[in-house]
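K.L.:
Here you go, this is work26.tsv (TSV, C-alpha atoms).
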chain	number	residue	atom	x	y	z
Z	959	MET	CA	48.44	150.26	-91.99
Z	960	SER	CA	50.65	147.22	-92.02
Z	961	MET	CA	49.39	143.75	-92.67
Z	962	GLN	CA	50.03	141.31	-89.89
Z	963	ILE	CA	49.22	137.61	-89.90
Z	964	ALA	CA	51.19	136.65	-86.80
Z	965	THR	CA	49.76	138.73	-83.99
Z	966	GLU	CA	51.30	139.41	-80.63
Z	967	LEU	CA	48.83	136.99	-79.09
Z	968	SER	CA	49.77	134.21	-81.49
Z	969	ASP	CA	53.44	134.78	-80.60
Z	970	GLN	CA	52.59	134.52	-76.93
Z	971	ILE	CA	50.60	131.35	-77.48
Z	972	ALA	CA	53.51	129.88	-79.45
Z	973	ARG	CA	55.78	130.43	-76.43
Z	974	TYR	CA	53.13	128.87	-74.24
Z	975	LEU	CA	53.05	125.78	-76.49
Z	976	ASP	CA	56.86	125.59	-76.48
Z	977	LEU	CA	56.89	125.65	-72.70
Z	978	SER	CA	54.20	123.01	-72.28
Z	979	THR	CA	56.10	120.81	-74.73
Z	980	ALA	CA	59.27	121.26	-72.70
Z	981	GLU	CA	57.33	120.35	-69.58
Z	982	ALA	CA	55.86	117.23	-71.18
Z	983	LYS	CA	59.29	116.27	-72.47
Z	984	LEU	CA	60.86	116.58	-69.04
Z	985	THR	CA	58.03	114.51	-67.58
Z	986	ALA	CA	58.57	111.83	-70.23
Z	987	ALA	CA	62.27	111.76	-69.36
Z	988	ASN	CA	61.50	111.46	-65.65
Z	989	MET	CA	59.05	108.64	-66.35
Z	990	ALA	CA	61.59	106.86	-68.55
Z	991	ASN	CA	64.05	106.90	-65.66
Z	992	VAL	CA	61.63	105.66	-63.02
Z	993	ASP	CA	63.92	102.66	-62.40
Z	994	THR	CA	67.34	104.24	-62.99
Z	995	PRO	CA	69.39	104.20	-59.79
Z	996	GLY	CA	70.59	107.64	-58.70
Z	997	TYR	CA	68.40	109.58	-61.14
Z	998	ARG	CA	66.99	112.86	-59.79
Z	999	THR	CA	63.70	114.32	-60.99
Z	1000	MET	CA	64.14	117.31	-63.30
Z	1001	GLY	CA	61.60	120.08	-63.61
Z	1002	LEU	CA	61.02	123.66	-64.70
Z	1003	ASP	CA	59.22	126.61	-63.13
Z	1004	PHE	CA	56.38	127.04	-65.62
Z	1005	GLU	CA	55.03	130.32	-64.25
Z	1006	ALA	CA	58.45	131.98	-64.08
Z	1007	GLU	CA	59.35	130.78	-67.57
Z	1008	MET	CA	56.03	131.98	-68.96
Z	1009	ARG	CA	56.48	135.38	-67.36
Z	1010	GLY	CA	59.93	135.63	-68.95
Z	1011	ALA	CA	58.56	134.50	-72.32
Z	1012	LEU	CA	55.78	137.13	-72.27
Z	1013	ASP	CA	58.38	139.76	-71.44
Z	1014	ASP	CA	60.45	138.54	-74.41
Z	1015	VAL	CA	57.46	138.87	-76.75
Z	1016	ASP	CA	56.88	142.43	-75.46
Z	1017	ARG	CA	60.47	143.37	-76.20
Z	1018	GLY	CA	60.55	141.51	-79.51
Z	1019	ARG	CA	63.19	139.04	-78.41
Z	1020	GLY	CA	63.46	135.47	-79.66
Z	1021	PRO	CA	62.72	132.42	-77.56
Z	1022	ARG	CA	64.97	132.02	-74.57
Z	1023	LYS	CA	66.50	128.87	-73.13
Z	1024	VAL	CA	64.44	127.06	-70.56
Z	1025	ARG	CA	65.97	126.67	-67.12
Z	1026	VAL	CA	65.85	123.07	-65.99
Z	1027	THR	CA	66.42	122.41	-62.32
Z	1028	GLU	CA	66.45	119.50	-59.98
Z	1029	VAL	CA	63.12	119.25	-58.15
Z	1030	ASP	CA	63.33	119.68	-54.38
Z	1031	GLY	CA	61.22	118.07	-51.71
Z	1032	LEU	CA	60.84	114.62	-53.22
Z	1033	ILE	CA	61.51	111.49	-51.24
Z	1034	ALA	CA	64.39	109.47	-52.61
Z	1035	ARG	CA	64.35	105.69	-52.63
Z	1036	PRO	CA	67.29	103.77	-51.18
Z	1037	ASP	CA	68.87	103.59	-54.66
Z	1038	GLY	CA	68.98	107.41	-54.84
Z	1039	ASN	CA	66.16	107.70	-57.37
Z	1040	ASN	CA	63.47	110.23	-56.42
Z	1041	VAL	CA	60.99	109.93	-59.31
Z	1042	SER	CA	57.42	110.05	-58.05
Z	1043	VAL	CA	55.01	108.32	-60.43
Z	1044	ASP	CA	52.04	110.30	-59.11
Z	1045	ARG	CA	53.78	113.63	-59.58
Z	1046	GLU	CA	54.87	112.72	-63.11
Z	1047	SER	CA	51.45	111.42	-64.15
Z	1048	LEU	CA	49.85	114.58	-62.84
Z	1049	ASN	CA	52.44	116.77	-64.58
Z	1050	LEU	CA	51.92	114.95	-67.86
Z	1051	ALA	CA	48.17	115.41	-67.67
Z	1052	GLU	CA	48.70	119.07	-66.87
Z	1053	ALA	CA	51.16	119.60	-69.72
Z	1054	GLN	CA	48.77	117.87	-72.08
Z	1055	LEU	CA	45.86	120.07	-71.04
Z	1056	ARG	CA	47.99	123.19	-71.31
Z	1057	PHE	CA	49.04	122.16	-74.78
Z	1058	ARG	CA	45.45	121.55	-75.85
Z	1059	THR	CA	44.42	124.90	-74.40
Z	1060	GLY	CA	47.20	126.58	-76.33
Z	1061	VAL	CA	46.16	124.85	-79.55
Z	1062	ALA	CA	42.53	125.89	-79.06
Z	1063	LEU	CA	43.55	129.50	-78.43
Z	1064	LEU	CA	45.87	129.53	-81.43
Z	1065	ARG	CA	43.14	128.14	-83.68
Z	1066	GLU	CA	40.81	130.84	-82.46
Z	1067	GLU	CA	43.42	133.51	-83.16
Z	1068	TYR	CA	44.16	132.24	-86.66
Z	1069	GLN	CA	40.44	131.95	-87.32
Z	1070	ARG	CA	40.14	135.65	-86.51
Z	1071	VAL	CA	42.76	136.43	-89.15
Z	1072	MET	CA	40.98	134.12	-91.62
Z	1073	ASP	CA	37.71	135.89	-90.94
Z	1074	ALA	CA	39.37	139.21	-91.71
Z	1075	ILE	CA	40.71	137.79	-94.98
Z	1076	HIS	CA	37.26	136.53	-95.97
Z	1077	ALA	CA	35.45	139.61	-94.68
Z	1078	ASP	CA	34.26	140.57	-98.19
Z	1079	LYS	CA	32.29	137.35	-98.64
U	359	MET	CA	60.54	122.17	-79.77
U	360	ASN	CA	60.31	118.63	-81.07
U	361	LEU	CA	57.29	116.67	-79.94
U	362	PHE	CA	58.51	113.43	-81.49
U	363	GLY	CA	61.63	113.40	-79.33
U	364	MET	CA	59.34	112.70	-76.40
U	365	MET	CA	58.06	109.58	-78.11
U	366	ASP	CA	61.68	108.43	-78.46
U	367	THR	CA	62.24	108.91	-74.74
U	368	SER	CA	59.11	107.02	-73.74
U	369	GLY	CA	59.53	104.40	-76.45
U	370	GLY	CA	63.11	103.78	-75.38
U	371	ALA	CA	61.95	103.33	-71.81
U	372	MET	CA	59.31	100.83	-72.92
U	373	GLU	CA	61.99	98.91	-74.78
U	374	ALA	CA	64.22	98.86	-71.69
U	375	GLU	CA	61.38	97.73	-69.43
U	376	ARG	CA	60.42	94.97	-71.85
U	377	MET	CA	64.02	93.80	-71.86
U	378	ARG	CA	63.90	93.74	-68.07
U	379	ALA	CA	60.74	91.60	-68.18
U	380	GLU	CA	62.44	89.28	-70.69
U	381	VAL	CA	65.40	88.83	-68.35
U	382	VAL	CA	63.01	88.04	-65.48
U	383	ALA	CA	61.24	85.49	-67.70
U	384	ALA	CA	64.59	83.91	-68.54
U	385	ASN	CA	65.46	83.72	-64.84
U	386	MET	CA	62.19	82.01	-63.98
U	387	ALA	CA	62.45	79.65	-66.94
U	388	ASN	CA	65.92	78.60	-65.81
U	389	ALA	CA	65.14	78.28	-62.11
U	390	GLU	CA	66.05	74.58	-62.22
U	391	THR	CA	68.72	74.63	-64.92
U	392	THR	CA	71.87	72.80	-63.90
U	393	ARG	CA	73.64	72.86	-67.26
U	394	THR	CA	74.70	75.95	-69.20
U	395	ALA	CA	77.08	76.63	-72.08
U	396	ASN	CA	79.66	77.95	-69.59
U	397	GLY	CA	79.26	74.85	-67.44
U	398	GLY	CA	77.70	74.76	-64.00
U	399	PRO	CA	74.20	75.90	-63.10
U	400	TYR	CA	72.41	78.94	-64.52
U	401	HIS	CA	73.11	82.22	-62.77
U	402	ARG	CA	70.44	84.83	-62.20
U	403	GLN	CA	70.69	87.75	-64.67
U	404	GLU	CA	69.89	91.33	-63.82
U	405	VAL	CA	69.58	94.47	-65.96
U	406	VAL	CA	71.29	97.75	-65.09
U	407	PHE	CA	69.48	100.93	-66.14
U	408	ALA	CA	71.40	104.10	-66.92
U	409	ALA	CA	70.14	107.57	-67.82
U	410	ASN	CA	70.94	108.67	-71.36
U	411	ARG	CA	72.43	112.05	-72.19
U	412	GLY	CA	69.25	113.05	-73.98
U	413	ASP	CA	69.14	114.25	-77.55
U	414	PRO	CA	71.59	117.03	-78.48
U	415	ASN	CA	68.88	119.40	-79.75
U	416	PHE	CA	67.09	119.29	-76.45
U	417	LEU	CA	70.38	119.76	-74.66
U	418	ASP	CA	70.93	122.83	-76.79
U	419	SER	CA	67.54	124.36	-76.19
U	420	MET	CA	67.81	123.77	-72.47
U	421	THR	CA	71.22	125.38	-72.21
U	422	GLU	CA	71.83	128.98	-71.34
U	423	ALA	CA	72.94	131.38	-74.06
U	424	SER	CA	76.35	131.53	-72.41
U	425	GLY	CA	76.98	128.05	-73.74
U	426	ALA	CA	77.43	126.55	-70.32
U	427	SER	CA	74.83	124.27	-68.82
U	428	PRO	CA	72.50	126.16	-66.47
U	429	LEU	CA	72.98	123.29	-64.09
U	430	SER	CA	76.69	123.79	-63.75
U	431	THR	CA	76.83	127.60	-63.71
U	432	SER	CA	74.81	128.23	-60.59
U	433	PRO	CA	75.69	125.70	-57.94
U	434	GLY	CA	73.42	125.51	-54.94
U	435	ILE	CA	70.11	125.83	-56.74
U	436	ASN	CA	70.86	123.63	-59.69
U	437	LYS	CA	72.78	120.46	-59.20
U	438	PRO	CA	73.56	117.99	-61.96
U	439	ALA	CA	71.12	115.10	-62.08
U	440	LEU	CA	73.84	112.49	-62.25
U	441	PRO	CA	77.51	112.98	-61.60
U	442	GLY	CA	79.47	113.28	-64.82
U	443	GLN	CA	76.38	113.46	-67.00
U	444	ALA	CA	74.51	116.28	-68.64
U	445	ALA	CA	71.61	117.00	-66.35
U	446	VAL	CA	69.23	117.39	-69.25
U	447	ALA	CA	66.10	115.38	-70.01
U	448	PRO	CA	67.81	112.06	-70.41
U	449	GLY	CA	66.07	108.97	-71.65
U	450	VAL	CA	66.97	105.56	-70.35
U	451	ARG	CA	68.97	102.64	-71.69
U	452	ILE	CA	70.13	99.28	-70.46
U	453	SER	CA	73.83	99.72	-69.82
U	454	ALA	CA	74.49	96.11	-68.90
U	455	VAL	CA	72.98	92.76	-68.09
U	456	VAL	CA	74.93	91.47	-65.14
U	457	GLU	CA	75.14	88.03	-63.58
U	458	ASP	CA	74.28	87.54	-59.93
U	459	PRO	CA	77.52	86.19	-58.40
U	460	SER	CA	75.79	84.53	-55.43
U	461	PRO	CA	76.77	80.84	-54.99
U	462	PRO	CA	74.39	78.15	-56.26
U	463	LEU	CA	72.03	76.30	-53.94
U	464	LYS	CA	73.10	72.78	-53.02
U	465	ARG	CA	70.53	70.02	-53.01
U	466	TYR	CA	71.31	66.42	-52.11
U	467	ASP	CA	70.39	64.16	-55.04
U	468	PRO	CA	73.09	61.57	-55.73
U	469	GLY	CA	71.09	60.06	-58.59
U	470	HIS	CA	71.17	63.28	-60.61
U	471	PRO	CA	73.56	63.20	-63.60
U	472	ASP	CA	74.98	66.60	-62.58
U	473	ALA	CA	75.56	65.63	-58.96
U	474	GLY	CA	79.04	66.28	-57.60
U	475	PRO	CA	81.22	63.58	-56.02
U	476	ASP	CA	79.60	64.42	-52.66
U	477	GLY	CA	76.13	63.74	-54.08
U	478	TYR	CA	75.03	67.42	-54.07
U	479	VAL	CA	73.59	69.11	-57.16
U	480	SER	CA	74.11	72.86	-57.74
U	481	TYR	CA	70.88	74.70	-58.58
U	482	PRO	CA	70.53	78.38	-59.52
U	483	ASP	CA	69.77	80.67	-56.57
U	484	ILE	CA	66.51	82.03	-57.94
U	485	ASN	CA	63.80	83.30	-55.62
U	486	PRO	CA	60.39	83.35	-57.36
U	487	LEU	CA	59.30	86.21	-55.07
U	488	THR	CA	62.15	88.47	-56.13
U	489	GLU	CA	61.49	87.66	-59.76
U	490	MET	CA	57.75	88.32	-59.50
U	491	VAL	CA	58.33	91.66	-57.78
U	492	ASP	CA	60.79	92.62	-60.50
U	493	LEU	CA	58.32	91.53	-63.18
U	494	MET	CA	55.57	93.58	-61.60
U	495	GLY	CA	57.85	96.61	-61.47
U	496	ALA	CA	58.71	96.17	-65.13
U	497	THR	CA	55.04	95.78	-66.10
U	498	ARG	CA	53.97	98.88	-64.21
U	499	ALA	CA	56.81	100.97	-65.59
U	500	TYR	CA	55.99	99.71	-69.08
U	501	GLY	CA	52.38	100.78	-68.61
U	502	LEU	CA	53.45	104.17	-67.25
U	503	ASN	CA	55.57	104.89	-70.30
U	504	GLY	CA	52.83	103.54	-72.55
U	505	ALA	CA	50.48	106.10	-70.99
U	506	ALA	CA	53.08	108.78	-71.71
U	507	VAL	CA	53.20	107.73	-75.37
U	508	GLN	CA	49.40	107.93	-75.48
U	509	ALA	CA	49.53	111.46	-74.07
U	510	GLU	CA	52.20	112.49	-76.57
U	511	LYS	CA	50.12	111.12	-79.43
U	512	GLY	CA	47.20	113.19	-78.18
U	513	MET	CA	49.37	116.31	-78.15
U	514	ILE	CA	50.63	115.73	-81.68
U	515	THR	CA	47.10	115.05	-82.93
U	516	SER	CA	45.84	118.26	-81.34
U	517	ALA	CA	48.77	120.20	-82.83
U	518	LEU	CA	47.63	119.01	-86.26
U	519	GLU	CA	44.29	120.66	-85.60
U	520	ILE	CA	45.87	124.12	-85.74
U	521	ALA	CA	46.03	123.83	-89.52
U	522	LYS	CA	42.43	122.70	-89.90
U	523	SER	CA	39.81	125.35	-90.21
Starting from the file, lay out its structure as structure tokens.

P.N.:
Amino acid sequence: MSMQIATELSDQIARYLDLSTAEAKLTAANMANVDTPGYRTMGLDFEAEMRGALDDVDRGRGPRKVRVTEVDGLIARPDGNNVSVDRESLNLAEAQLRFRTGVALLREEYQRVMDAIHADK
Amino acid sequence: MNLFGMMDTSGGAMEAERMRAEVVAANMANAETTRTANGGPYHRQEVVFAANRGDPNFLDSMTEASGASPLSTSPGINKPALPGQAAVAPGVRISAVVEDPSPPLKRYDPGHPDAGPDGYVSYPDINPLTEMVDLMGATRAYGLNGAAVQAEKGMITSALEIAKS
């Protein structure tokens, strides 16, 4: 039997954390450009990316590049900027919660491994 | 993925917004200034924001394995955020502080030392309303980015908890 510290679940959670970081980063960039004329809101499809990342973990592939796209359906101001403060605030809160969830899950998973290590005590 | 890069983005935006507020303050302070180093009355200043290219690492990680930007390879779905710029998580910077070219306001005051031969004094064309609206915008945007920094700090703090048992 082989010894494994990094489990499949911990790999999956790592991808999840990567994605929520990317999401938060994009949100921060959108917020930074709230007053830049002509700037268009950038976003990513979290569910699609996560599905792809889980597939990658299954097949033992490394992390893939995240697809960043322009967000449709936002109302642009006369200066061409279409950053919505409400949308960004909401996205940031969501990314933050996702990240915290991921951290909690990862802690749990590592704790399981620790428990196995200390099982003789 | 680098969490601290986010702080740079938001911090840079806070810096830019503060600069904008400073320019507004300068405009309001000089609303009645008739003498400047360049001669003539003060002219209203305005900041110009431009999106940054974003940090190269992020650009890398957000780019398809083919080496080409995902935003340029599939037109239709993905359009570049700004023409001629990498459409990747850019921060913001102040590209210029420009002078409002509008002509000065003329006020009749022949006793004023800066009055012209016709008795009119040139005053800066500064509208307190415009300035206050701009100041409010800067304050709100500053607060928004401050909230983002707070959120990022929370994420980094929680990431540190992974190591604790």

K.L.:
Write out, as a tab-separated table, each residue of range 964-1044 of chain Z that has an atom at most 12 Å from range 510-516 of chain U, together with the closest pair of atoms and their distance in Å to one decimal, counting only C-alpha atoms, rows going by chain and rising number.

P.N.:
residue	atom	partner	partner_atom	distance
Z:Leu975	CA	U:Met513	CA	10.3
Z:Ser978	CA	U:Met513	CA	10.1
Z:Thr979	CA	U:Met513	CA	8.8
Z:Ala980	CA	U:Glu510	CA	11.9
Z:Glu981	CA	U:Glu510	CA	11.7
Z:Ala982	CA	U:Glu510	CA	8.1
Z:Lys983	CA	U:Glu510	CA	9.0
Z:Thr985	CA	U:Glu510	CA	10.9
Z:Ala986	CA	U:Glu510	CA	9.0

K.L.:
Just how far from CA of Asp1044 in chain Z is CA of Asn503 in chain U, in Å to one decimal?

P.N.:
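Atom-to-atom, CA of Asn503 in chain U to CA of Asp1044 in chain Z, that is 12.9 Å.
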
K.L.:
So that I can see what lies close to Val1015 in chain Z, please list as a compact mmCIF listing (two decimals) with C-alpha atoms, in the frame of the given file the residues with an atom at most 9 Å from it, counting all atoms listed in the file and leaving out residues fewer than 6 positions away in the same chain.

P.N.:
# COMPACT_ATOMS: atom_id res chain seq x y z
CA GLU Z 966 51.30 139.41 -80.63
CA ASP Z 969 53.44 134.78 -80.60
CA GLN Z 970 52.59 134.52 -76.93
CA ARG Z 973 55.78 130.43 -76.43
CA PRO Z 1021 62.72 132.42 -77.56

K.L.:
I'd like the interatomic distance between CA of Asp476 in chain U and CA of Ala389 in chain U, to a tenth of an Å.

P.N.:
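According to the coordinates, CA of Asp476 in chain U and CA of Ala389 in chain U are separated by 22.1 Å.
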
K.L.:
Which chain Z residues are at most 9 Å from chain U (counting only C-alpha atoms), as a VMD selection string?

P.N.:
chain Z and resid 975 to 977 979 to 980 982 to 1000 1022 to 1028 1043 1047 1050 to 1051 1054 to 1055 1057 to 1058 1061 to 1062 1064 to 1065 1068 to 1069 1072

K.L.:
Using Å and a single decimal, report how far CA of Ser453 in chain U sits from CA of Thr392 in chain U.

P.N.:
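CA of Ser453 in chain U lies at a distance of 27.6 Å from CA of Thr392 in chain U.
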
K.L.:
Would you compute the box with edges along x, y and z of the file around range 368-374 of chain U, including every atom the file lists for it and 3 Å extra on each side, and give its centre and edge lengths in Å to one decimal, as lines of an AutoDock Vina configuration file?

P.N.:
center_x = 61.7
center_y = 102.9
center_z = -74.1
size_x = 11.1
size_y = 14.2
size_z = 10.8

K.L.:
Do a neighbour search on Val381 in chain U at 8 Å with only C-alpha atoms, toss out local chain neighbours closer than 6 positions, and write the hits as a PyMOL selection string.

P.N.:
chain U and resi 403-405

K.L.:
When distances are computed from only C-alpha atoms, which of U:Ser460, U:Ser480, U:Gln508, U:Asn485 shows the smallest separation from Asn385 in chain U?

P.N.:
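Going through U:Ser460, U:Ser480, U:Gln508, U:Asn485 one by one, the smallest distance to Asn385 in chain U is for U:Asn485.
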
K.L.:
Give me the residues near Arg402 in chain U as a short mmCIF file (atom, residue, chain, number, x, y, z; two decimals) with C-alpha atoms, in the coordinates of the input, where near means some atom within 8 Å (using only C-alpha atoms) and where sequence neighbours in that chain fewer than 3 positions away do not count.

P.N.:
data_model
loop_
_atom_site.label_atom_id
_atom_site.label_comp_id
_atom_site.auth_asym_id
_atom_site.auth_seq_id
_atom_site.Cartn_x
_atom_site.Cartn_y
_atom_site.Cartn_z
CA ASN U 385 65.46 83.72 -64.84
CA GLU U 457 75.14 88.03 -63.58
CA ASP U 458 74.28 87.54 -59.93
CA PRO U 482 70.53 78.38 -59.52
CA ASP U 483 69.77 80.67 -56.57
CA ILE U 484 66.51 82.03 -57.94
#

K.L.:
Please provide the set of residues having any atom within 10 Å of Thr488 in chain U, restricted to only C-alpha atoms, with same-chain residues fewer than 5 positions apart removed, written as a VMD selection string.

P.N.:
chain U and resid 382 493 to 494
